[in-house]
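J.: For reference, the file input.cif (mmCIF, C-alpha atoms) is included below:
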data_work
loop_
_atom_site.label_atom_id
_atom_site.label_comp_id
_atom_site.auth_asym_id
_atom_site.auth_seq_id
_atom_site.Cartn_x
_atom_site.Cartn_y
_atom_site.Cartn_z
CA MET A 756 0.00 0.00 0.00
CA SER A 757 1.19 3.53 -0.73
CA THR A 758 2.38 5.61 2.21
CA GLN A 759 0.87 8.72 0.59
CA PRO A 760 -2.35 9.96 2.26
CA GLY A 761 -5.42 8.76 0.46
CA LEU A 762 -8.40 6.42 0.39
CA THR A 763 -8.05 2.64 0.64
CA PHE A 764 -10.88 0.57 -0.84
CA THR A 765 -11.95 -2.58 1.02
CA LYS A 766 -14.88 -3.08 -1.36
CA PRO A 767 -14.34 -1.74 -4.91
CA GLY A 768 -17.92 -2.27 -6.11
CA PHE A 769 -19.18 -3.82 -9.34
CA LEU A 770 -17.33 -1.40 -11.64
CA SER A 771 -15.47 1.62 -10.29
CA LEU A 772 -13.34 3.61 -12.71
CA LEU A 773 -11.21 6.72 -12.39
CA GLN A 774 -12.60 9.16 -14.93
CA ASP A 775 -11.90 12.74 -15.94
CA GLY A 776 -13.05 14.81 -18.90
CA GLY A 777 -11.61 12.26 -21.32
CA ARG A 778 -8.53 12.14 -23.54
CA ARG A 779 -8.33 14.41 -26.57
CA GLY A 780 -6.50 14.16 -29.86
CA VAL A 781 -6.30 10.35 -29.93
CA MET A 782 -9.05 9.25 -32.33
CA HIS A 783 -6.52 8.97 -35.16
CA LEU A 784 -4.96 6.22 -33.05
CA GLY A 785 -8.26 4.35 -32.91
CA LEU A 786 -9.04 5.45 -29.34
CA ALA A 787 -12.23 7.06 -28.11
CA THR A 788 -12.25 9.92 -25.59
CA GLY A 789 -13.63 7.87 -22.68
CA GLY A 790 -14.24 9.99 -19.57
CA ALA A 791 -17.21 10.37 -17.25
CA MET A 792 -20.48 9.01 -18.64
CA ASP A 793 -22.57 11.54 -16.70
CA ARG A 794 -20.57 14.73 -17.09
CA ASN A 795 -23.15 16.74 -15.19
CA ALA A 796 -22.90 14.68 -11.98
CA TRP A 797 -19.11 14.38 -12.37
CA ALA A 798 -18.72 18.14 -12.83
CA TRP A 799 -20.94 18.91 -9.82
CA ALA A 800 -18.89 16.62 -7.57
CA ASN A 801 -15.73 18.54 -8.44
CA ARG A 802 -17.35 21.97 -8.35
CA LEU A 803 -18.62 21.42 -4.82
CA LEU A 804 -14.98 21.05 -3.76
CA ASP A 805 -13.59 23.86 -5.95
CA ASN A 806 -11.62 21.32 -7.97
CA PRO A 807 -10.72 22.57 -11.46
CA PHE A 808 -12.88 21.33 -14.32
CA GLY A 809 -11.37 18.09 -15.59
CA THR A 810 -10.21 16.82 -12.19
CA PRO A 811 -10.39 13.01 -11.93
CA ALA A 812 -13.20 11.49 -9.86
CA LEU A 813 -14.27 7.91 -9.26
CA GLU A 814 -17.21 6.72 -11.38
CA ILE A 815 -18.98 4.03 -9.32
CA THR A 816 -21.44 1.85 -11.21
CA PHE A 817 -24.15 0.16 -9.08
CA GLY A 818 -22.63 1.29 -5.78
CA GLY A 819 -21.46 -1.25 -3.21
CA VAL A 820 -18.22 0.59 -2.40
CA GLU A 821 -16.49 0.80 0.97
CA PHE A 822 -13.26 2.62 1.78
CA THR A 823 -11.21 4.01 4.64
CA SER A 824 -9.73 7.49 4.69
CA HIS A 825 -6.13 7.96 5.80
CA LEU A 826 -6.34 11.73 6.02
CA ALA A 827 -8.65 14.52 7.11
CA THR A 828 -10.25 15.88 3.95
CA GLN A 829 -13.55 16.57 2.21
CA ILE A 830 -15.42 14.52 -0.37
CA ALA A 831 -18.56 14.92 -2.47
CA ILE A 832 -20.82 12.21 -3.88
CA THR A 833 -23.26 12.97 -6.69
CA GLY A 834 -25.24 11.03 -9.28
CA ALA A 835 -27.23 7.90 -8.47
CA GLU A 836 -29.35 7.81 -5.33
CA VAL A 837 -27.20 5.73 -3.00
CA GLN A 838 -27.02 5.80 0.77
CA CYS A 839 -23.74 7.21 2.01
CA ARG A 840 -22.63 6.33 5.53
CA VAL A 841 -19.58 7.59 7.42
CA ASN A 842 -18.81 5.34 10.38
CA GLY A 843 -22.37 4.05 10.10
CA GLU A 844 -23.99 7.52 10.11
CA SER A 845 -25.90 8.75 7.08
CA ARG A 846 -24.46 11.66 5.09
CA PRO A 847 -26.17 13.68 2.33
CA LEU A 848 -25.42 13.39 -1.37
CA TRP A 849 -24.73 16.41 -3.60
CA SER A 850 -23.01 18.03 -0.60
CA VAL A 851 -19.56 18.55 0.85
CA ILE A 852 -18.81 15.82 3.41
CA ASN A 853 -16.07 16.27 6.01
CA ILE A 854 -14.11 13.13 6.84
CA GLN A 855 -11.25 12.38 9.21
CA ALA A 856 -8.35 9.94 9.14
CA GLY A 857 -9.66 6.51 10.08
CA ASP A 858 -13.22 7.17 8.94
CA ARG A 859 -14.96 4.32 7.12
CA ILE A 860 -17.25 5.31 4.26
CA ALA A 861 -19.78 3.02 2.59
CA LEU A 862 -22.04 3.52 -0.42
CA SER A 863 -25.06 1.25 -0.89
CA ALA A 864 -26.52 -0.04 -4.13
CA PRO A 865 -28.53 2.76 -5.81
CA LYS A 866 -32.29 3.13 -5.43
CA VAL A 867 -32.47 5.33 -8.52
CA GLY A 868 -29.82 5.83 -11.20
CA ILE A 869 -26.75 3.77 -12.01
CA ARG A 870 -23.58 5.84 -11.62
CA SER A 871 -22.27 7.73 -8.61
CA TYR A 872 -19.31 10.12 -8.67
CA LEU A 873 -16.89 10.40 -5.76
CA ALA A 874 -14.65 13.47 -5.80
CA VAL A 875 -12.08 14.38 -3.16
CA LEU A 876 -10.71 17.80 -2.20
CA GLY A 877 -7.80 18.60 -4.50
CA GLY A 878 -8.53 15.59 -6.69
CA PHE A 879 -7.03 12.12 -6.75
CA GLN A 880 -3.27 12.36 -7.25
CA VAL A 881 -2.98 10.09 -10.27
CA ALA A 882 -0.56 10.91 -13.07
CA PRO A 883 -2.17 11.41 -16.49
CA GLY A 884 -1.21 9.17 -19.38
CA LEU A 885 -1.91 9.24 -23.11
CA GLY A 886 -3.92 12.28 -24.16
CA ASN A 887 -3.02 13.97 -20.84
CA SER A 888 -5.81 11.96 -19.20
CA CYS A 889 -6.19 9.27 -16.56
CA ALA A 890 -9.62 8.22 -17.89
CA THR A 891 -9.97 4.45 -17.46
CA PHE A 892 -10.49 2.61 -20.74
CA THR A 893 -10.62 -1.08 -19.82
CA ARG A 894 -10.87 -2.47 -23.37
CA GLU A 895 -7.68 -0.72 -24.46
CA GLY A 896 -5.77 -1.07 -21.18
CA LEU A 897 -5.42 2.68 -20.67
CA GLY A 898 -5.84 5.01 -17.73
CA GLY A 899 -6.78 4.32 -14.15
CA LEU A 900 -4.64 4.10 -11.04
CA ASN A 901 -1.72 2.35 -12.78
CA GLN A 902 -2.39 3.45 -16.36
CA ASP A 903 -3.30 -0.13 -17.31
CA GLY A 904 -7.07 0.27 -17.73
CA ARG A 905 -7.82 -1.86 -14.69
CA PRO A 906 -11.00 -1.12 -12.72
CA LEU A 907 -10.62 -0.41 -9.02
CA GLN A 908 -9.64 -3.53 -7.05
CA GLU A 909 -9.93 -4.53 -3.41
CA GLY A 910 -7.04 -3.01 -1.49
CA ASP A 911 -6.34 -0.25 -4.01
CA HIS A 912 -5.14 3.01 -2.48
CA LEU A 913 -6.08 6.24 -4.27
CA PRO A 914 -3.63 8.99 -3.24
CA CYS A 915 -5.06 12.37 -2.20
CA HIS A 916 -3.56 15.79 -1.55
CA ALA A 917 -3.26 16.33 2.20
CA GLY A 918 -2.57 20.06 2.08
CA SER A 919 -5.64 21.34 0.21
CA ALA A 920 -7.45 24.27 1.86
CA ARG A 921 -10.93 23.38 3.08
CA VAL A 922 -14.04 24.67 1.32
CA LEU A 923 -17.37 25.72 2.79
CA ASN A 924 -19.95 23.08 3.69
CA ARG A 925 -22.02 23.67 0.57
CA LYS A 926 -24.61 21.65 -1.29
CA VAL A 927 -26.33 21.61 -4.66
CA SER A 928 -29.78 23.16 -4.60
CA GLU A 929 -32.68 20.78 -5.24
CA ARG A 930 -33.62 22.66 -8.39
CA TRP A 931 -30.25 21.81 -9.96
CA ARG A 932 -30.34 18.13 -9.09
CA PRO A 933 -31.48 15.90 -11.96
CA ASP A 934 -34.49 13.63 -11.54
CA TYR A 935 -33.47 10.20 -12.82
CA LYS A 936 -37.08 9.02 -12.58
CA GLU A 937 -38.56 11.54 -14.97
CA GLU A 938 -39.55 10.65 -18.53
CA LEU A 939 -36.44 10.34 -20.68
CA VAL A 940 -36.56 12.39 -23.88
CA LEU A 941 -33.23 12.55 -25.73
CA SER A 942 -32.39 15.54 -27.90
CA VAL A 943 -31.00 14.59 -31.32
CA ILE A 944 -29.09 16.67 -33.87
CA PRO A 945 -29.87 15.28 -37.36
CA CYS A 946 -26.60 14.49 -39.13
CA ALA A 947 -25.30 14.63 -42.69
CA GLN A 948 -26.70 11.16 -43.45
CA VAL A 949 -30.24 12.01 -42.41
CA ASP A 950 -31.19 12.04 -46.10
CA ARG A 951 -30.82 8.24 -46.06
CA PHE A 952 -33.87 8.12 -43.79
CA PRO A 953 -37.17 8.91 -45.58
CA ALA A 954 -39.72 11.13 -43.89
CA SER A 955 -41.79 8.09 -42.93
CA VAL A 956 -38.79 6.53 -41.15
CA LEU A 957 -38.02 9.76 -39.30
CA ASP A 958 -41.67 9.99 -38.29
CA THR A 959 -41.43 6.48 -36.86
CA PHE A 960 -38.23 7.31 -34.99
CA PHE A 961 -39.38 10.57 -33.43
CA ASN A 962 -42.94 9.50 -32.64
CA ASN A 963 -42.49 6.10 -31.04
CA PRO A 964 -40.93 4.92 -27.77
CA TYR A 965 -37.80 2.77 -27.61
CA THR A 966 -36.56 0.59 -24.78
CA LEU A 967 -33.02 0.51 -23.39
CA THR A 968 -31.83 -3.10 -23.59
CA ARG A 969 -29.44 -5.09 -21.41
CA GLN A 970 -26.89 -4.95 -24.24
CA THR A 971 -25.85 -1.52 -23.04
CA ASP A 972 -22.46 -0.51 -21.63
CA ARG A 973 -19.89 2.28 -21.85
CA MET A 974 -19.47 1.54 -25.58
CA GLY A 975 -23.06 1.98 -26.62
CA ALA A 976 -26.75 1.90 -25.72
CA ARG A 977 -28.68 -0.66 -27.74
CA LEU A 978 -32.38 0.10 -28.16
CA LYS A 979 -35.42 -1.97 -29.04
CA GLY A 980 -38.45 -0.58 -30.81
CA PRO A 981 -39.88 0.00 -34.29
CA ALA A 982 -37.26 -1.02 -36.87
CA LEU A 983 -35.80 1.71 -39.08
CA GLU A 984 -34.97 1.11 -42.75
CA PRO A 985 -32.45 3.54 -44.24
CA LEU A 986 -31.95 3.87 -47.98
CA GLY A 987 -28.89 2.69 -49.86
CA GLU A 988 -26.07 0.30 -49.14
CA ARG A 989 -23.87 0.17 -46.10
CA LEU A 990 -21.37 3.04 -46.01
CA ILE A 991 -17.61 2.92 -46.19
CA SER A 992 -16.36 2.99 -42.60
CA GLU A 993 -15.84 6.50 -41.26
CA GLY A 994 -15.18 8.22 -37.95
CA THR A 995 -17.86 8.10 -35.28
CA SER A 996 -18.81 10.80 -32.83
CA LEU A 997 -20.04 10.70 -29.25
CA GLY A 998 -23.81 10.17 -29.21
CA ALA A 999 -24.04 9.08 -32.86
CA ILE A 1000 -27.14 6.97 -33.56
CA GLN A 1001 -26.14 4.05 -35.78
CA VAL A 1002 -28.78 1.95 -37.51
CA PRO A 1003 -27.46 -1.56 -38.25
CA ALA A 1004 -29.07 -4.17 -40.52
CA ASP A 1005 -31.73 -5.17 -37.98
CA GLY A 1006 -33.03 -1.58 -37.87
CA GLN A 1007 -32.61 -1.26 -34.08
CA PRO A 1008 -30.77 1.98 -33.18
CA ILE A 1009 -27.53 2.03 -31.20
CA VAL A 1010 -26.40 5.21 -29.43
CA LEU A 1011 -22.58 5.30 -29.41
CA LEU A 1012 -21.11 6.28 -26.04
CA ASN A 1013 -17.77 7.21 -24.44
CA ASP A 1014 -15.84 3.97 -25.10
CA ARG A 1015 -17.27 3.44 -28.60
CA GLN A 1016 -15.41 2.14 -31.62
CA THR A 1017 -13.93 5.07 -33.49
CA ILE A 1018 -15.04 4.02 -36.99
CA GLY A 1019 -18.20 2.43 -38.35
CA GLY A 1020 -20.04 1.85 -41.61
CA TYR A 1021 -23.68 1.89 -40.51
CA PRO A 1022 -25.86 4.87 -41.50
CA LYS A 1023 -26.16 7.45 -38.74
CA LEU A 1024 -29.46 9.24 -38.28
CA GLY A 1025 -28.09 11.89 -35.97
CA ALA A 1026 -26.33 12.40 -32.63
CA VAL A 1027 -27.72 12.61 -29.10
CA THR A 1028 -26.58 15.84 -27.43
CA PRO A 1029 -24.08 15.72 -24.53
CA ARG A 1030 -26.61 16.89 -21.96
CA SER A 1031 -29.06 14.18 -22.99
CA LEU A 1032 -26.25 11.61 -22.73
CA ASP A 1033 -25.87 12.59 -19.05
CA ALA A 1034 -29.48 11.57 -18.44
CA LEU A 1035 -29.11 8.37 -20.49
CA ALA A 1036 -26.07 7.35 -18.43
CA GLN A 1037 -28.27 7.05 -15.32
CA ARG A 1038 -31.02 4.88 -16.77
CA THR A 1039 -31.34 1.14 -16.22
CA PRO A 1040 -32.17 -1.46 -18.90
CA GLY A 1041 -35.91 -1.57 -19.50
CA THR A 1042 -36.23 2.22 -19.43
CA THR A 1043 -38.58 3.63 -22.06
CA LEU A 1044 -37.29 6.67 -23.91
CA ARG A 1045 -38.21 8.96 -26.78
CA PHE A 1046 -36.32 11.29 -29.11
CA ARG A 1047 -36.84 14.87 -30.20
CA PRO A 1048 -35.00 16.76 -32.93
CA VAL A 1049 -33.01 19.90 -32.08
CA THR A 1050 -30.81 22.17 -34.17
CA LEU A 1051 -27.04 22.23 -33.98
CA HIS A 1052 -27.27 25.81 -32.72
CA GLU A 1053 -29.51 24.79 -29.81
CA ALA A 1054 -27.10 22.04 -28.82
CA GLN A 1055 -24.12 24.41 -29.04
CA ILE A 1056 -25.82 26.98 -26.80
CA GLU A 1057 -26.64 24.27 -24.25
CA GLU A 1058 -23.03 23.01 -24.20
CA LYS A 1059 -21.67 26.55 -23.99
CA GLN A 1060 -23.85 27.23 -20.94
CA PHE A 1061 -22.63 24.00 -19.32
CA LEU A 1062 -18.97 24.84 -19.87
CA SER A 1063 -19.41 28.48 -18.85
CA PHE A 1064 -20.89 27.36 -15.54
CA PHE A 1065 -18.55 24.49 -14.66
CA ALA A 1066 -15.30 25.46 -16.33
CA ALA A 1067 -15.26 29.14 -15.27
CA THR A 1068 -12.07 29.93 -13.34
CA GLY A 1069 -12.57 30.91 -9.72
CA SER A 1070 -16.34 30.32 -9.82
CA ARG A 1071 -18.37 29.81 -6.66
CA ARG A 1072 -21.69 28.21 -5.85
#
Please express what this file holds, its structure, as structure tokens.
T.:
Amino acid sequence: MSTQPGLTFTKPGFLSLLQDGGRRGVMHLGLATGGAMDRNAWAWANRLLDNPFGTPALEITFGGVEFTSHLATQIAITGAEVQCRVNGESRPLWSVINIQAGDRIALSAPKVGIRSYLAVLGGFQVAPGLGNSCATFTREGLGGLNQDGRPLQEGDHLPCHAGSARVLNRKVSERWRPDYKEELVLSVIPCAQVDRFPASVLDTFFNNPYTLTRQTDRMGARLKGPALEPLGERLISEGTSLGAIQVPADGQPIVLLNDRQTIGGYPKLGAVTPRSLDALAQRTPGTTLRFRPVTLHEAQIEEKQFLSFFAATGSRR
């Protein structure tokens, strides 16, 4: 175990991954950006602690994590509705939590949502790798605690900065907390290949519900619903973007996510916007969802507002 102050995990959970804002400038190497699936919850966890935008946090899928702190510090837990206990006493989510050396922290399985984000004051002290990122990419063996793509394991020690100045005991207002139980409507920017989808097919897509299947992971969200039939032959493989909606031969849409393949030859109807992907990242298989078209300009304004709020230097709650 490292002698550096930090958090030692006695129960790593089903799938816990160090994630930041993702690695940039690597798609030409066949690597996706990776990074936090729910950027909104991830960004809030860091903002509560005044951590700079892009600071690594732990993405915990399906909860079940327990760890011991070896320093006095502050943490924040956002995202899925889990129960957080410090030495057996309940602590609030979406808030700054003060912890001391020797404290034992446990997160239950979530009641609502899938992914929780654990941020620590000053950020986890993990050296970045390729793309100046420590984002864990298990399939490619990149990122994480040892830059080998390995998920968190029992006994792992995540180093923390012991000298960070404390922040106020703040919390996220209820009006800014997402409701992971509300109806899921994903915003879609039609793409350059939308002309391969006749008006009748687009009408089917935008006016019928789809179901999130169990064949969903960090690579992509597979959906089940009315089949879509694009025109023309399969395309020559080309680069894929985050949120792209591929339509394979069976007509069932696939939304490409953070750890997606970087090229593909299926027609793409459009792309789900980043803010809608945050909501999708918290939904369980069996969730019913719908789509609505938006313009590129609308999506750009939404992303600009997100970055202006979370990435502003010296901002306060």
J.: Please provide the set of residues having any atom within 6 Å of stretch 794-806 of chain A, restricted to all atoms listed in the file, with same-chain residues fewer than 5 positions apart removed, written as number ranges by chain.
T.: A: 831, 833-834, 872, 874, 876-877
J.: So how far away is atom CA of A:Gly818 from atom CA of A:Gly768, in Å?
T.: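 Pair atom CA of A:Gly768 / atom CA of A:Gly818 returns 5.9 Å.
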J.: Just checking: using only C-alpha atoms, which residue out of A:Leu813, A:Val956, A:Leu885, A:Leu1062 ends up closest to A:Ala787?
T.: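 Answer, going by the shortest atom-to-atom distance: A:Leu885.
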J.: Considering all atoms listed in the file, return as JSON, numbers by chain whatever protein or nucleic-acid residues lie within 8 Å of stretch 1047-1053 of chain A, sequence-local ones (same chain, fewer than 5 positions apart) excluded.
T.: {"A": [940, 941, 942, 943, 944, 945, 961]}
J.: So that I can see what lies close to A:Gln908, please list as a list of chain:residue names the residues with an atom at most 12 Å from it, counting only C-alpha atoms and leaving out residues fewer than 2 positions away in the same chain.
T.: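 My list of contacting residues is A:Thr763, A:Phe764, A:Thr765, A:Lys766, A:Pro767, A:Gly768, A:Phe769, A:Leu770, A:Ser771, A:Leu772, A:Leu773, A:Val820, A:Glu821, A:Phe822, A:Gly899, A:Leu900, A:Asn901, A:Gly904, A:Arg905, A:Pro906, A:Gly910, A:Asp911, A:His912, A:Leu913.
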J.: Considering all atoms listed in the file, tabulate each residue of stretch 866-913 of chain A that lies at most 7 Å from stretch 1037-1040 of chain A along with its nearest interatomic pair and the corresponding distance in Å to one decimal; arrange the rows by chain and ascending residue number and present them as CSV.
T.:
residue,atom,partner,partner_atom,distance
A:Gly868,CA,A:Gln1037,CA,4.6
A:Ile869,CA,A:Gln1037,CA,4.9
A:Arg870,CA,A:Gln1037,CA,6.1
J.: How would you write, as a list of chain:residue names, the residues chosen by the PyMOL selection byres ((chain A and resi 824) around 6) on this structure?
T.: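 When the PyMOL selection byres ((chain A and resi 824) around 6) is applied to the shown file, the picked residues are A:Leu762, A:Thr823, A:His825, A:Leu826, A:Ala856, A:Gly857, A:Asp858.
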J.: Suppose a student applies the PyMOL selection byres ((chain A and resi 916) around 8) to this structure; what residues should they get, written as number ranges by chain?
T.: A: 760-761, 876-880, 914-915, 917-919
J.: Would you kindly return, as a CSV table (one decimal) with C-alpha atoms, in the coordinates of the input, each protein, DNA or RNA residue with an atom no farther than 7 Å from any atom of A:Phe892, considering all atoms listed in the file and excluding same-chain residues fewer than 5 positions away?
T.:
chain,number,residue,atom,x,y,z
A,789,GLY,CA,-13.6,7.9,-22.7
A,897,LEU,CA,-5.4,2.7,-20.7
A,898,GLY,CA,-5.8,5.0,-17.7
A,904,GLY,CA,-7.1,0.3,-17.7
J.: Residues around (-28.0, 2.8, -43.5), cut-off 6 Å, counting only C-alpha atoms - what are they as an MDAnalysis selection string?
T.: chainID A and resid 985 989 1021:1022
J.: Could you give me, as a ChimeraX atom specification, the residues within 9 Å of A:Glu984, counting only C-alpha atoms and dropping anything in the same chain fewer than 4 positions from it?
T.: /A:951-953,956,1002,1004-1006
J.: Taking the file above as input, evaluate the PyMOL selection byres ((chain A and resi 843) around 10) and report the hits as a PDB file with C-alpha atoms, in the frame of the given file.
T.:
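Generated output (result-v1.pdb):
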ATOM      1  CA  CYS A 839     -23.740   7.210   2.010  1.00  0.00           C
ATOM      2  CA  ARG A 840     -22.630   6.330   5.530  1.00  0.00           C
ATOM      3  CA  VAL A 841     -19.580   7.590   7.420  1.00  0.00           C
ATOM      4  CA  ASN A 842     -18.810   5.340  10.380  1.00  0.00           C
ATOM      5  CA  GLU A 844     -23.990   7.520  10.110  1.00  0.00           C
ATOM      6  CA  SER A 845     -25.900   8.750   7.080  1.00  0.00           C
ATOM      7  CA  ARG A 846     -24.460  11.660   5.090  1.00  0.00           C
ATOM      8  CA  ASP A 858     -13.220   7.170   8.940  1.00  0.00           C
ATOM      9  CA  ARG A 859     -14.960   4.320   7.120  1.00  0.00           C
ATOM     10  CA  ILE A 860     -17.250   5.310   4.260  1.00  0.00           C
ATOM     11  CA  ALA A 861     -19.780   3.020   2.590  1.00  0.00           C
TER      12      ALA A 861
END
J.: In Å to one decimal, how far is atom CA of A:Leu848 from atom CA of A:Arg778?
T.: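 Taking atom CA of A:Arg778 as the start and atom CA of A:Leu848 as the end point, the length is 27.9 Å.
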